[in-house]
file structure37.txt (compact mmCIF, C-alpha atoms and all ligand atoms)
# COMPACT_ATOMS: atom_id res chain seq x y z
CA MET M 839 11.68 24.93 0.07
CA ASP M 840 9.62 27.95 -0.78
CA THR M 841 8.17 27.03 -4.14
CA SER M 842 4.62 28.16 -3.82
CA THR M 843 4.64 29.78 -7.26
CA ARG M 844 3.67 27.60 -10.14
CA SER M 845 3.70 28.56 -13.80
CA ASP M 846 0.84 26.33 -14.86
CA PRO M 847 -1.64 25.19 -12.22
CA GLY M 848 -3.23 22.52 -14.41
CA ALA M 849 -0.11 20.82 -15.64
CA GLY M 850 0.03 17.98 -13.16
CA THR M 851 -3.32 16.52 -13.97
CA ARG M 852 -4.57 17.78 -17.29
CA ASP M 853 -3.35 14.86 -19.36
CA GLY M 854 -5.33 12.31 -17.42
CA GLY M 855 -8.27 13.89 -15.56
CA ASP M 856 -8.34 13.36 -11.81
CA PRO M 857 -5.31 11.15 -11.24
CA TYR M 858 -6.47 9.83 -7.90
CA THR M 859 -9.85 8.55 -8.94
CA ALA M 860 -10.71 8.11 -12.59
CA THR M 861 -7.43 6.89 -14.07
CA ARG M 862 -5.93 4.94 -11.20
CA PRO M 863 -5.96 1.19 -11.67
CA GLY M 864 -6.91 -1.21 -8.90
CA THR M 865 -4.37 -1.58 -6.15
CA GLY M 866 -4.11 -5.31 -6.69
CA ARG M 867 -5.41 -5.92 -3.18
CA ASP M 868 -7.51 -9.00 -2.70
CA PRO M 869 -9.88 -8.45 0.23
CA ALA M 870 -10.40 -12.19 0.53
CA ALA M 871 -6.70 -12.92 1.12
CA ARG M 872 -5.69 -13.75 4.68
CA ARG M 873 -2.38 -14.35 6.39
CA GLU M 874 -1.49 -18.02 6.37
CA ASP M 875 0.06 -17.81 9.82
CA GLY M 876 -2.95 -16.05 11.32
CA ALA M 877 -0.94 -12.97 12.34
CA THR M 878 -2.32 -9.46 11.88
CA GLU M 879 -2.37 -8.45 8.22
CA SER M 880 -0.11 -5.49 7.43
CA THR M 881 -1.31 -2.83 5.02
CA PRO M 882 0.60 -1.34 2.12
CA ALA M 883 0.29 2.05 3.77
CA ASP M 884 2.81 0.77 6.34
CA ALA M 885 5.44 1.13 3.63
CA ALA M 886 5.24 4.91 3.74
CA ALA M 887 6.83 5.13 7.15
CA VAL M 888 10.20 6.84 7.50
CA ASP M 889 11.22 6.54 11.11
CA ASP M 890 12.88 9.92 11.34
CA PRO M 891 12.52 12.09 8.19
CA ASP M 892 14.84 14.80 9.54
CA ALA M 893 17.61 12.27 10.17
CA GLU M 894 17.01 10.69 6.76
CA LEU M 895 17.25 14.09 5.13
CA GLU M 896 20.47 14.87 6.96
CA ARG M 897 21.89 11.52 5.83
CA ALA M 898 21.12 12.31 2.18
CA VAL M 899 22.48 15.86 2.47
CA SER M 900 25.74 14.65 4.05
CA PHE M 901 26.05 11.96 1.41
CA VAL M 902 25.87 14.49 -1.42
CA ARG M 903 28.30 16.87 0.28
CA GLU M 904 30.82 14.13 0.99
CA THR M 905 30.55 12.49 -2.44
CA VAL M 906 31.09 15.77 -4.29
CA SER M 907 33.95 16.70 -1.99
CA ALA M 908 35.65 13.29 -2.36
CA ALA M 909 35.51 13.67 -6.16
CA ASP M 910 36.92 17.19 -5.85
CA ALA M 911 34.02 18.30 -8.08
CA ASP M 912 32.55 21.77 -8.36
CA GLY M 913 28.95 20.69 -7.84
CA VAL M 914 26.24 18.64 -9.52
CA VAL M 915 24.08 18.60 -12.63
CA ILE M 916 20.50 17.33 -12.24
CA ASN M 917 18.00 16.57 -14.97
CA MET M 918 14.78 18.11 -13.69
CA SER M 919 11.36 16.89 -14.84
CA GLY M 920 9.05 18.80 -12.51
CA GLY M 921 8.22 15.46 -10.84
CA LEU M 922 8.80 14.26 -7.32
CA ASP M 923 12.14 12.49 -7.55
CA SER M 924 14.13 15.12 -9.38
CA THR M 925 12.62 17.91 -7.26
CA VAL M 926 13.58 16.16 -4.03
CA ALA M 927 17.07 15.34 -5.38
CA ALA M 928 17.61 18.97 -6.40
CA ALA M 929 16.40 20.29 -3.04
CA ILE M 930 18.76 17.93 -1.22
CA ALA M 931 21.66 19.01 -3.45
CA VAL M 932 20.94 22.67 -2.72
CA GLU M 933 20.92 21.97 1.03
CA ALA M 934 24.21 20.08 0.67
CA LEU M 935 26.14 22.35 -1.67
CA GLY M 936 24.38 25.70 -1.88
CA SER M 937 22.33 26.84 -4.84
CA ASP M 938 25.30 28.14 -6.85
CA ARG M 939 26.79 24.63 -7.12
CA VAL M 940 23.67 22.96 -8.51
CA TYR M 941 22.72 23.20 -12.19
CA GLY M 942 19.37 21.99 -13.56
CA LEU M 943 18.73 20.75 -17.09
CA ILE M 944 15.11 20.74 -18.21
CA LEU M 945 14.67 18.58 -21.28
CA PRO M 946 11.11 18.26 -22.60
CA CYS M 947 10.56 15.95 -25.55
CA ASN M 948 6.92 16.56 -26.48
CA LYS M 949 3.84 18.63 -25.73
CA ILE M 950 3.00 16.78 -22.51
CA GLY M 951 6.55 17.46 -21.39
CA ALA M 952 6.17 21.18 -22.04
CA HIS M 953 3.66 21.53 -19.17
CA HIS M 954 5.94 19.72 -16.74
CA ALA M 955 8.93 21.70 -18.03
CA ARG M 956 7.26 24.93 -16.94
CA ASP M 957 6.81 23.41 -13.50
CA ALA M 958 10.48 22.38 -13.46
CA GLU M 959 11.55 25.91 -14.43
CA GLY M 960 9.49 27.36 -11.57
CA LEU M 961 10.97 24.86 -9.13
CA ALA M 962 14.53 25.58 -10.28
CA GLU M 963 13.92 29.30 -9.87
CA ALA M 964 12.46 28.79 -6.40
CA LEU M 965 15.56 26.79 -5.47
CA GLY M 966 17.71 29.61 -6.84
CA ILE M 967 19.71 27.36 -9.17
CA ASP M 968 21.02 28.05 -12.67
CA HIS M 969 19.02 26.09 -15.22
CA ASP M 970 18.47 25.76 -18.94
CA THR M 971 15.64 24.28 -20.97
CA VAL M 972 16.50 22.37 -24.13
CA HIS M 973 13.76 20.92 -26.31
CA LEU M 974 14.80 17.46 -27.44
CA GLN M 975 12.51 17.04 -30.43
CA PRO M 976 15.01 18.21 -33.08
CA LEU M 977 17.73 15.94 -31.66
CA LEU M 978 15.37 12.99 -31.39
CA ALA M 979 14.22 13.53 -34.95
CA GLN M 980 17.79 12.78 -36.03
CA PHE M 981 17.62 9.41 -34.27
CA GLY M 982 14.75 8.53 -36.57
CA SER M 983 17.02 8.87 -39.60
CA VAL M 984 19.43 6.19 -38.37
CA ALA M 985 18.82 3.01 -40.36
CA PRO M 986 15.09 3.83 -40.56
CA ASP M 987 14.22 0.56 -42.25
CA ARG M 988 15.59 -1.40 -39.30
CA PHE M 989 14.75 0.67 -36.21
CA GLY M 990 11.86 3.00 -36.99
CA LEU M 991 11.08 5.00 -33.84
CA HIS M 992 7.50 5.66 -34.93
CA ASP M 993 4.81 4.06 -32.80
CA GLU M 994 7.41 2.43 -30.57
CA PRO M 995 6.89 4.13 -27.19
CA THR M 996 9.51 2.11 -25.32
CA LEU M 997 12.17 2.68 -28.00
CA VAL M 998 11.45 6.41 -28.05
CA GLY M 999 11.27 6.58 -24.25
CA ASN M 1000 14.58 4.81 -23.77
CA ALA M 1001 16.28 6.84 -26.51
CA THR M 1002 14.98 10.01 -24.84
CA ALA M 1003 16.24 8.93 -21.41
CA ARG M 1004 19.69 8.19 -22.85
CA LEU M 1005 19.76 11.51 -24.69
CA ARG M 1006 19.00 13.28 -21.39
CA MET M 1007 21.84 11.35 -19.78
CA THR M 1008 24.20 12.39 -22.62
CA LEU M 1009 23.35 16.06 -22.11
CA ALA M 1010 23.78 15.78 -18.33
CA TYR M 1011 27.27 14.33 -18.83
CA LEU M 1012 28.08 17.00 -21.41
CA ALA M 1013 27.27 19.64 -18.79
CA ALA M 1014 29.13 17.74 -16.06
CA ASN M 1015 32.27 17.36 -18.20
CA ALA M 1016 32.19 21.00 -19.20
CA THR M 1017 31.75 22.40 -15.68
CA GLY M 1018 33.69 19.97 -13.49
CA ARG M 1019 30.53 18.66 -11.82
CA LEU M 1020 29.04 15.24 -11.10
CA VAL M 1021 25.77 13.94 -12.52
CA CYS M 1022 23.26 13.56 -9.70
CA GLY M 1023 20.75 10.81 -10.50
CA THR M 1024 17.19 10.72 -9.23
CA THR M 1025 16.47 6.99 -9.16
CA ASN M 1026 14.87 5.61 -5.99
CA ARG M 1027 15.01 2.11 -4.51
CA SER M 1028 11.59 1.07 -5.85
CA GLU M 1029 12.69 1.86 -9.42
CA ARG M 1030 16.07 0.19 -8.95
CA LEU M 1031 14.64 -3.02 -7.50
CA LEU M 1032 12.12 -3.30 -10.34
CA GLY M 1033 14.53 -2.16 -13.08
CA TYR M 1034 11.91 0.49 -13.81
CA LEU M 1035 14.41 2.83 -15.43
CA THR M 1036 16.32 3.04 -18.67
CA LYS M 1037 19.65 1.28 -18.45
CA HIS M 1038 22.41 3.86 -19.02
CA GLY M 1039 19.65 6.48 -19.32
CA ASP M 1040 18.01 7.88 -16.20
CA GLY M 1041 19.66 4.95 -14.40
CA ALA M 1042 23.15 6.33 -15.19
CA ALA M 1043 24.65 8.78 -12.71
CA ASP M 1044 27.66 9.50 -10.50
CA LEU M 1045 25.64 9.55 -7.29
CA LEU M 1046 22.12 8.54 -6.28
CA PRO M 1047 21.03 10.39 -3.15
CA LEU M 1048 17.62 8.67 -3.26
CA GLY M 1049 18.88 5.25 -4.34
CA HIS M 1050 18.36 3.71 -0.88
CA LEU M 1051 14.83 5.11 -0.40
CA TYR M 1052 11.57 3.58 -1.54
CA LYS M 1053 9.27 5.86 -3.52
CA THR M 1054 6.94 6.18 -0.54
CA GLU M 1055 9.94 7.27 1.55
CA VAL M 1056 10.95 9.87 -1.04
CA ARG M 1057 7.43 11.24 -0.72
CA ALA M 1058 7.83 11.49 3.07
CA LEU M 1059 11.13 13.33 2.57
CA ALA M 1060 9.43 15.69 0.11
CA GLU M 1061 6.97 16.63 2.82
CA THR M 1062 9.82 17.34 5.24
CA LEU M 1063 11.48 19.48 2.55
CA GLU M 1064 8.18 21.29 2.05
CA VAL M 1065 8.12 20.53 -1.63
CA PRO M 1066 5.00 22.24 -3.00
CA GLY M 1067 1.75 20.33 -3.00
CA PHE M 1068 1.35 20.22 -6.77
CA VAL M 1069 4.53 18.15 -7.08
CA LEU M 1070 3.28 15.71 -4.44
CA GLU M 1071 -0.07 15.51 -6.18
CA LYS M 1072 1.32 14.54 -9.59
CA PRO M 1073 0.71 10.87 -10.22
CA PRO M 1074 4.08 9.14 -10.78
CA THR M 1075 4.67 8.94 -14.52
CA ALA M 1076 7.60 8.55 -16.88
CA GLY M 1077 6.05 11.55 -18.68
CA LEU M 1078 6.37 10.03 -22.14
CA LEU M 1079 2.77 9.33 -23.11
CA ALA M 1080 -0.50 11.12 -22.35
CA GLY M 1081 -2.14 9.48 -19.37
CA GLN M 1082 0.73 7.02 -18.76
CA ARG M 1083 1.08 6.17 -15.06
CA ASP M 1084 3.76 4.14 -13.31
CA ALA M 1085 0.92 2.29 -11.55
CA ASP M 1086 -0.48 1.14 -14.93
CA ASP M 1087 2.91 -0.24 -15.96
CA LEU M 1088 3.69 -1.85 -12.61
CA GLY M 1089 0.21 -3.17 -11.84
CA ALA M 1090 0.02 -1.46 -8.47
CA ASP M 1091 0.51 1.86 -6.71
CA TYR M 1092 3.81 2.52 -4.97
CA ASP M 1093 2.42 1.88 -1.50
CA VAL M 1094 1.69 -1.68 -2.64
CA VAL M 1095 4.91 -2.02 -4.65
CA ASP M 1096 7.05 -0.88 -1.73
CA SER M 1097 5.33 -3.15 0.76
CA VAL M 1098 5.92 -6.15 -1.48
CA LEU M 1099 9.58 -5.28 -2.06
CA ARG M 1100 10.25 -4.69 1.61
CA LEU M 1101 8.92 -8.09 2.58
CA ALA M 1102 10.17 -10.14 -0.37
CA VAL M 1103 13.53 -8.50 -1.11
CA ASP M 1104 14.58 -6.96 2.20
CA GLU M 1105 13.19 -9.66 4.47
CA GLY M 1106 13.28 -12.67 2.13
CA VAL M 1107 9.63 -13.57 2.73
CA GLU M 1108 8.25 -16.09 0.23
CA ALA M 1109 5.78 -14.76 -2.40
CA GLY M 1110 2.68 -16.60 -1.16
CA THR M 1111 3.22 -15.34 2.37
CA VAL M 1112 3.79 -11.79 1.08
CA ALA M 1113 0.46 -11.91 -0.75
CA ALA M 1114 -1.36 -13.27 2.28
CA ARG M 1115 0.20 -10.82 4.71
CA LEU M 1116 -0.58 -7.80 2.56
CA GLY M 1117 -3.99 -8.98 1.39
CA LEU M 1118 -2.87 -8.97 -2.26
CA ASP M 1119 -3.66 -11.33 -5.06
CA ARG M 1120 -0.77 -13.66 -5.79
CA GLU M 1121 -0.43 -12.54 -9.41
CA THR M 1122 0.37 -8.95 -8.40
CA VAL M 1123 3.15 -10.15 -6.13
CA ASP M 1124 4.52 -12.63 -8.67
CA ASP M 1125 4.58 -9.99 -11.43
CA LEU M 1126 6.53 -7.57 -9.28
CA LEU M 1127 9.02 -10.22 -8.20
CA GLU M 1128 9.47 -11.39 -11.78
CA ARG M 1129 10.33 -7.78 -12.75
CA HIS M 1130 12.87 -7.76 -9.94
CA ARG M 1131 14.49 -11.01 -11.10
CA ALA M 1132 14.46 -10.13 -14.81
CA THR M 1133 16.22 -6.80 -14.27
CA GLU M 1134 19.17 -7.99 -12.19
CA HIS M 1135 21.37 -7.00 -15.15
CA LYS M 1136 20.46 -3.33 -14.52
CA ARG M 1137 21.82 -3.48 -10.97
CA THR M 1138 25.14 -5.14 -11.69
CA PRO M 1139 28.20 -4.30 -13.82
CA PRO M 1140 28.27 -5.93 -17.28
CA PRO M 1141 29.33 -9.56 -17.06
CA MET M 1142 32.73 -10.52 -18.45
CA PRO M 1143 34.67 -13.77 -18.69
CA ASP M 1144 36.81 -14.48 -15.64
CA ARG M 1145 40.58 -14.81 -16.00
CA GLY M 1146 40.69 -18.45 -15.10
CA GLY M 1147 41.51 -18.22 -11.41
CA SER M 1148 43.23 -14.87 -10.83
CA ALA M 1149 41.07 -11.93 -9.71
N1 LIG T 1201 19.89 -10.50 -19.07
C1 LIG T 1201 20.47 -9.38 -19.56
N2 LIG T 1201 21.77 -9.17 -19.32
C2 LIG T 1201 22.38 -8.03 -19.76
N3 LIG T 1201 21.72 -7.07 -20.48
C3 LIG T 1201 20.43 -7.27 -20.74
C4 LIG T 1201 19.74 -8.42 -20.31
N4 LIG T 1201 18.46 -8.34 -20.71
C5 LIG T 1201 18.33 -7.17 -21.38
N5 LIG T 1201 19.53 -6.52 -21.43
C6 LIG T 1201 19.82 -5.19 -22.05
O1 LIG T 1201 18.94 -4.23 -21.47
C7 LIG T 1201 18.15 -3.62 -22.49
C8 LIG T 1201 16.76 -3.34 -21.93
O2 LIG T 1201 16.83 -2.41 -20.87
P1 LIG T 1201 16.36 -0.91 -21.11
O3 LIG T 1201 17.06 -0.34 -22.29
O4 LIG T 1201 16.45 -0.18 -19.82
O5 LIG T 1201 14.82 -1.07 -21.58
P2 LIG T 1201 13.52 -1.68 -20.88
O6 LIG T 1201 13.80 -2.24 -19.53
O7 LIG T 1201 12.89 -2.55 -21.88
O8 LIG T 1201 12.62 -0.39 -20.73
C9 LIG T 1201 12.78 0.56 -19.69
C10 LIG T 1201 11.59 0.51 -18.76
O9 LIG T 1201 11.77 1.50 -17.74
C11 LIG T 1201 10.66 2.38 -17.73
N6 LIG T 1201 11.13 3.73 -17.39
C12 LIG T 1201 12.13 4.32 -18.09
C13 LIG T 1201 12.56 5.60 -17.75
C14 LIG T 1201 11.98 6.23 -16.63
C15 LIG T 1201 10.97 5.57 -15.95
C16 LIG T 1201 10.35 6.19 -14.74
O10 LIG T 1201 9.12 6.21 -14.64
O11 LIG T 1201 11.14 6.66 -13.90
C17 LIG T 1201 10.54 4.32 -16.33
C18 LIG T 1201 10.06 2.34 -19.11
O12 LIG T 1201 8.70 2.72 -19.08
C19 LIG T 1201 10.27 0.86 -19.47
O13 LIG T 1201 9.27 0.06 -18.91
C20 LIG T 1201 18.16 -4.60 -23.66
O14 LIG T 1201 17.94 -3.94 -24.90
C21 LIG T 1201 19.56 -5.17 -23.55
O15 LIG T 1201 20.48 -4.27 -24.14
N1 LIG T 1202 11.50 16.68 -19.10
C1 LIG T 1202 12.59 16.29 -18.42
N2 LIG T 1202 13.64 17.12 -18.31
C2 LIG T 1202 14.75 16.76 -17.63
N3 LIG T 1202 14.88 15.57 -17.04
C3 LIG T 1202 13.87 14.70 -17.12
C4 LIG T 1202 12.66 15.01 -17.80
N4 LIG T 1202 11.84 13.94 -17.70
C5 LIG T 1202 12.50 13.01 -16.98
N5 LIG T 1202 13.72 13.46 -16.63
C6 LIG T 1202 14.74 12.78 -15.83
O1 LIG T 1202 14.47 11.38 -15.78
C7 LIG T 1202 14.16 11.00 -14.41
C8 LIG T 1202 13.10 9.92 -14.39
O2 LIG T 1202 11.91 10.44 -14.90
P1 LIG T 1202 10.56 10.33 -14.10
O3 LIG T 1202 9.58 11.16 -14.85
O4 LIG T 1202 10.23 8.92 -13.86
O5 LIG T 1202 10.94 10.92 -12.63
P2 LIG T 1202 10.37 12.15 -11.78
O6 LIG T 1202 9.52 12.99 -12.68
O7 LIG T 1202 11.48 12.80 -11.08
O8 LIG T 1202 9.49 11.53 -10.70
P3 LIG T 1202 8.11 10.77 -10.88
O9 LIG T 1202 8.49 9.33 -10.99
O10 LIG T 1202 7.40 11.09 -9.62
O11 LIG T 1202 7.43 11.31 -12.12
C9 LIG T 1202 13.71 12.31 -13.76
O12 LIG T 1202 13.83 12.26 -12.36
C10 LIG T 1202 14.67 13.30 -14.39
O13 LIG T 1202 15.96 13.27 -13.81

call {"tool": "encode", "arguments": {"input": "structure37.txt", "output": "structure tokens"}}
result
Amino acid sequence: MDTSTRSDPGAGTRDGGDPYTATRPGTGRDPAARREDGATESTPADAAAVDDPDAELERAVSFVRETVSAADADGVVINMSGGLDSTVAAAIAVEALGSDRVYGLILPCNKIGAHHARDAEGLAEALGIDHDTVHLQPLLAQFGSVAPDRFGLHDEPTLVGNATARLRMTLAYLAANATGRLVCGTTNRSERLLGYLTKHGDGAADLLPLGHLYKTEVRALAETLEVPGFVLEKPPTAGLLAGQRDADDLGADYDVVDSVLRLAVDEGVEAGTVAARLGLDRETVDDLLERHRATEHKRTPPPMPDRGGSA
């Protein structure tokens, strides 16, 4: 991916100073913790490993090609933020379908978003895909007039963030309906397992080419795709508030998050053992696993009464 041009060199970091030093929270690692079974302690950095990035990339590319073909669709629509996940998803879609069958929607909602939107426009141009930028503020302002005494959006970051994510989803489906395309989501496995997404917002899509990959694995794929350094350097953020970082919300960086999820969810290792093996404090592990449990409803279809015996 030749995307060396960037419209705004400061956009990735200007809202929070140096993202890798000053604003990053602690990793949650407890140097005093030791493995209960005496085995060698693993490190969160182990989570970053992708055995064969080229093969993983080919798997994702084939998946997109086959899914679009099976749906007899003309291509995909991707909401592009200028961040890691949507850039990697768009690059995979271009490899799978060709640039003329990928359409990017860039949907900033505030001033912080405007910087990232310029990045997204540059990335879309470098990928050679058609794209449009739509500022959401006027549409969101209308949401504020709905029963304002009951659901005021002012000073409610989560309400505004979720409404924005669902508005982006609505526009993606509008474009998909109108052009015979599928909506390509950008959610990764870390976000899915923690429910760290807006239900029926950024979590809603027709295909998820990154849905099986942890965030640290998406990063490894980005390197294989030669995604430009400034995208890799952006600290993961939902992009809704100045200085907001996924690591602040989740209590740990993604190398820690992914290590915990691999052991606890994929391998079924008990929380205390996970903490000991990774050298983490128990609270960090418990908080992450509680998020996982509490968001099961985001990973399953809506419940409904059964029919009393018949399927
Ligand atoms: N047990 C249950 N069974 C069935 N449904 C249940 C439920 N509990 C809640 N619900 C429903 O789910 C709703 C809550 O879920 P939801 O609307 O998603 O809202 P919620 O999970 O509260 O918020 C979304 C979270 O995802 C984060 N996010 C969003 C977008 C992008 C990113 C990112 O960085 O990529 C992160 C955001 O910062 C926030 O922490 C409730 O209002 C209710 O309608
Ligand atoms: N300004 C935006 N314009 C269009 N789509 C957006 C915008 N902001 C977020 N989205 C959509 O919502 C998804 C989730 O947002 P989020 O900011 O968490 O992801 P990201 O920027 O791709 O990656 P990262 O988590 O590394 O920031 C994005 O991948 C993208 O599809």

call {"tool": "residues_near_ligand", "arguments": {"input": "structure37.txt", "ligand": "ligand LIG 1201 (chain T)", "cutoff": "8 Å", "atoms": "all atoms listed in the file", "output": "list in words"}}
result
Thr996, Leu997, Gly999, Asn1000, Ala1003, Thr1025, Glu1029, Gly1033, Tyr1034, Leu1035, Thr1036, Lys1037, His1038, Gly1039, Asp1040, Gly1041, Pro1074, Thr1075, Ala1076, Gly1077, Asp1084, Asp1087, Ala1132, Thr1133, Glu1134, His1135, Lys1136, Pro1140 and Pro1141 of chain M

call {"tool": "closest_residue", "arguments": {"input": "structure37.txt", "among": "M:Arg1019, M:His969, M:Arg1030, M:His954", "to": "Val914 of chain M", "atoms": "all atoms listed in the file"}}
result
M:Arg1019

call {"tool": "residues_near_ligand", "arguments": {"input": "structure37.txt", "ligand": "ligand LIG 1202 (chain T)", "cutoff": "6 Å", "atoms": "all atoms listed in the file", "output": "VMD selection string"}}
result
chain M and resid 917 to 924 943 to 946 951 955 1024 1040 1074 to 1077

call {"tool": "closest_residue", "arguments": {"input": "structure37.txt", "among": "M:Ala1090, M:Ala1010, M:Ala898, M:Ala934", "to": "Gly1049 of chain M", "atoms": "all atoms listed in the file"}}
result
M:Ala898

call {"tool": "closest_residue", "arguments": {"input": "structure37.txt", "among": "M:Gly1018, M:Pro976, M:Gly1081, M:Pro1139", "to": "Ala1042 of chain M", "atoms": "all atoms listed in the file"}}
result
M:Pro1139

call {"tool": "atom_distance", "arguments": {"input": "structure37.txt", "atom1": "atom CA of Ala1016 of chain M", "atom2": "atom CA of Thr905 of chain M"}}
result
18.9 Å

call {"tool": "atom_distance", "arguments": {"input": "structure37.txt", "atom1": "atom CA of Leu1051 of chain M", "atom2": "atom CA of Ala893 of chain M"}}
result
13.1 Å

call {"tool": "atom_distance", "arguments": {"input": "structure37.txt", "atom1": "atom CA of Met1007 of chain M", "atom2": "atom CA of Val915 of chain M"}}
result
10.4 Å

call {"tool": "residues_around", "arguments": {"input": "structure37.txt", "residues": "Phe901 of chain M", "least_positions_apart": "2", "cutoff": "10 Å", "atoms": "all atoms listed in the file", "output": "PyMOL selection string"}}
result
chain M and resi 895-899+903-907+930-931+934+1045-1047

call {"tool": "write_last_selection", "arguments": {"input": "structure37.txt", "atoms": "C-alpha atoms", "output": "PDB file, in the frame of the given file"}}
result
ATOM      1  CA  LEU M 895      17.250  14.090   5.130  1.00  0.00           C
ATOM      2  CA  GLU M 896      20.470  14.870   6.960  1.00  0.00           C
ATOM      3  CA  ARG M 897      21.890  11.520   5.830  1.00  0.00           C
ATOM      4  CA  ALA M 898      21.120  12.310   2.180  1.00  0.00           C
ATOM      5  CA  VAL M 899      22.480  15.860   2.470  1.00  0.00           C
ATOM      6  CA  ARG M 903      28.300  16.870   0.280  1.00  0.00           C
ATOM      7  CA  GLU M 904      30.820  14.130   0.990  1.00  0.00           C
ATOM      8  CA  THR M 905      30.550  12.490  -2.440  1.00  0.00           C
ATOM      9  CA  VAL M 906      31.090  15.770  -4.290  1.00  0.00           C
ATOM     10  CA  SER M 907      33.950  16.700  -1.990  1.00  0.00           C
ATOM     11  CA  ILE M 930      18.760  17.930  -1.220  1.00  0.00           C
ATOM     12  CA  ALA M 931      21.660  19.010  -3.450  1.00  0.00           C
ATOM     13  CA  ALA M 934      24.210  20.080   0.670  1.00  0.00           C
ATOM     14  CA  LEU M1045      25.640   9.550  -7.290  1.00  0.00           C
ATOM     15  CA  LEU M1046      22.120   8.540  -6.280  1.00  0.00           C
ATOM     16  CA  PRO M1047      21.030  10.390  -3.150  1.00  0.00           C
TER      17      PRO M1047
END

call {"tool": "axis_aligned_box", "arguments": {"input": "structure37.txt", "around": "segment 1123-1132 of chain M", "padding_each_side": "4 Å", "output": "AutoDock Vina command-line options"}}
result
--center_x 8.8 --center_y -10.1 --center_z -10.5 --size_x 19.3 --size_y 13.1 --size_z 16.7

call {"tool": "closest_residue", "arguments": {"input": "structure37.txt", "among": "M:Asp987, M:Leu1118, M:Val1112, M:Leu977", "to": "Leu1009 of chain M", "atoms": "all atoms listed in the file"}}
result
M:Leu977

call {"tool": "build_atoms", "arguments": {"input": "structure37.txt", "residues": "segment 925-937 of chain M", "atoms": "N, CA and C atoms", "output": "PDB file, in the frame of the given file"}}
result
ATOM      1  N   THR M 925      12.780  16.724  -8.115  1.00  0.00           N
ATOM      2  CA  THR M 925      12.620  17.910  -7.260  1.00  0.00           C
ATOM      3  C   THR M 925      13.246  17.668  -5.896  1.00  0.00           C
ATOM      4  N   VAL M 926      13.004  16.485  -5.342  1.00  0.00           N
ATOM      5  CA  VAL M 926      13.580  16.160  -4.030  1.00  0.00           C
ATOM      6  C   VAL M 926      15.111  16.084  -4.142  1.00  0.00           C
ATOM      7  N   ALA M 927      15.605  15.446  -5.213  1.00  0.00           N
ATOM      8  CA  ALA M 927      17.070  15.340  -5.380  1.00  0.00           C
ATOM      9  C   ALA M 927      17.693  16.735  -5.480  1.00  0.00           C
ATOM     10  N   ALA M 928      17.051  17.617  -6.231  1.00  0.00           N
ATOM     11  CA  ALA M 928      17.610  18.970  -6.400  1.00  0.00           C
ATOM     12  C   ALA M 928      17.570  19.739  -5.068  1.00  0.00           C
ATOM     13  N   ALA M 929      16.491  19.584  -4.324  1.00  0.00           N
ATOM     14  CA  ALA M 929      16.400  20.290  -3.040  1.00  0.00           C
ATOM     15  C   ALA M 929      17.466  19.794  -2.069  1.00  0.00           C
ATOM     16  N   ILE M 930      17.707  18.488  -2.079  1.00  0.00           N
ATOM     17  CA  ILE M 930      18.760  17.930  -1.220  1.00  0.00           C
ATOM     18  C   ILE M 930      20.133  18.471  -1.641  1.00  0.00           C
ATOM     19  N   ALA M 931      20.363  18.513  -2.952  1.00  0.00           N
ATOM     20  CA  ALA M 931      21.660  19.010  -3.450  1.00  0.00           C
ATOM     21  C   ALA M 931      21.870  20.464  -3.054  1.00  0.00           C
ATOM     22  N   VAL M 932      20.809  21.259  -3.106  1.00  0.00           N
ATOM     23  CA  VAL M 932      20.940  22.670  -2.720  1.00  0.00           C
ATOM     24  C   VAL M 932      21.270  22.773  -1.225  1.00  0.00           C
ATOM     25  N   GLU M 933      20.605  21.948  -0.415  1.00  0.00           N
ATOM     26  CA  GLU M 933      20.920  21.970   1.030  1.00  0.00           C
ATOM     27  C   GLU M 933      22.382  21.569   1.266  1.00  0.00           C
ATOM     28  N   ALA M 934      22.852  20.615   0.450  1.00  0.00           N
ATOM     29  CA  ALA M 934      24.210  20.080   0.670  1.00  0.00           C
ATOM     30  C   ALA M 934      25.293  21.034   0.177  1.00  0.00           C
ATOM     31  N   LEU M 935      25.054  21.665  -0.967  1.00  0.00           N
ATOM     32  CA  LEU M 935      26.140  22.350  -1.670  1.00  0.00           C
ATOM     33  C   LEU M 935      25.946  23.860  -1.796  1.00  0.00           C
ATOM     34  N   GLY M 936      24.707  24.301  -1.584  1.00  0.00           N
ATOM     35  CA  GLY M 936      24.380  25.700  -1.880  1.00  0.00           C
ATOM     36  C   GLY M 936      23.871  25.803  -3.308  1.00  0.00           C
ATOM     37  N   SER M 937      23.006  26.787  -3.539  1.00  0.00           N
ATOM     38  CA  SER M 937      22.330  26.840  -4.840  1.00  0.00           C
ATOM     39  C   SER M 937      23.290  27.118  -5.990  1.00  0.00           C
TER      40      SER M 937
END
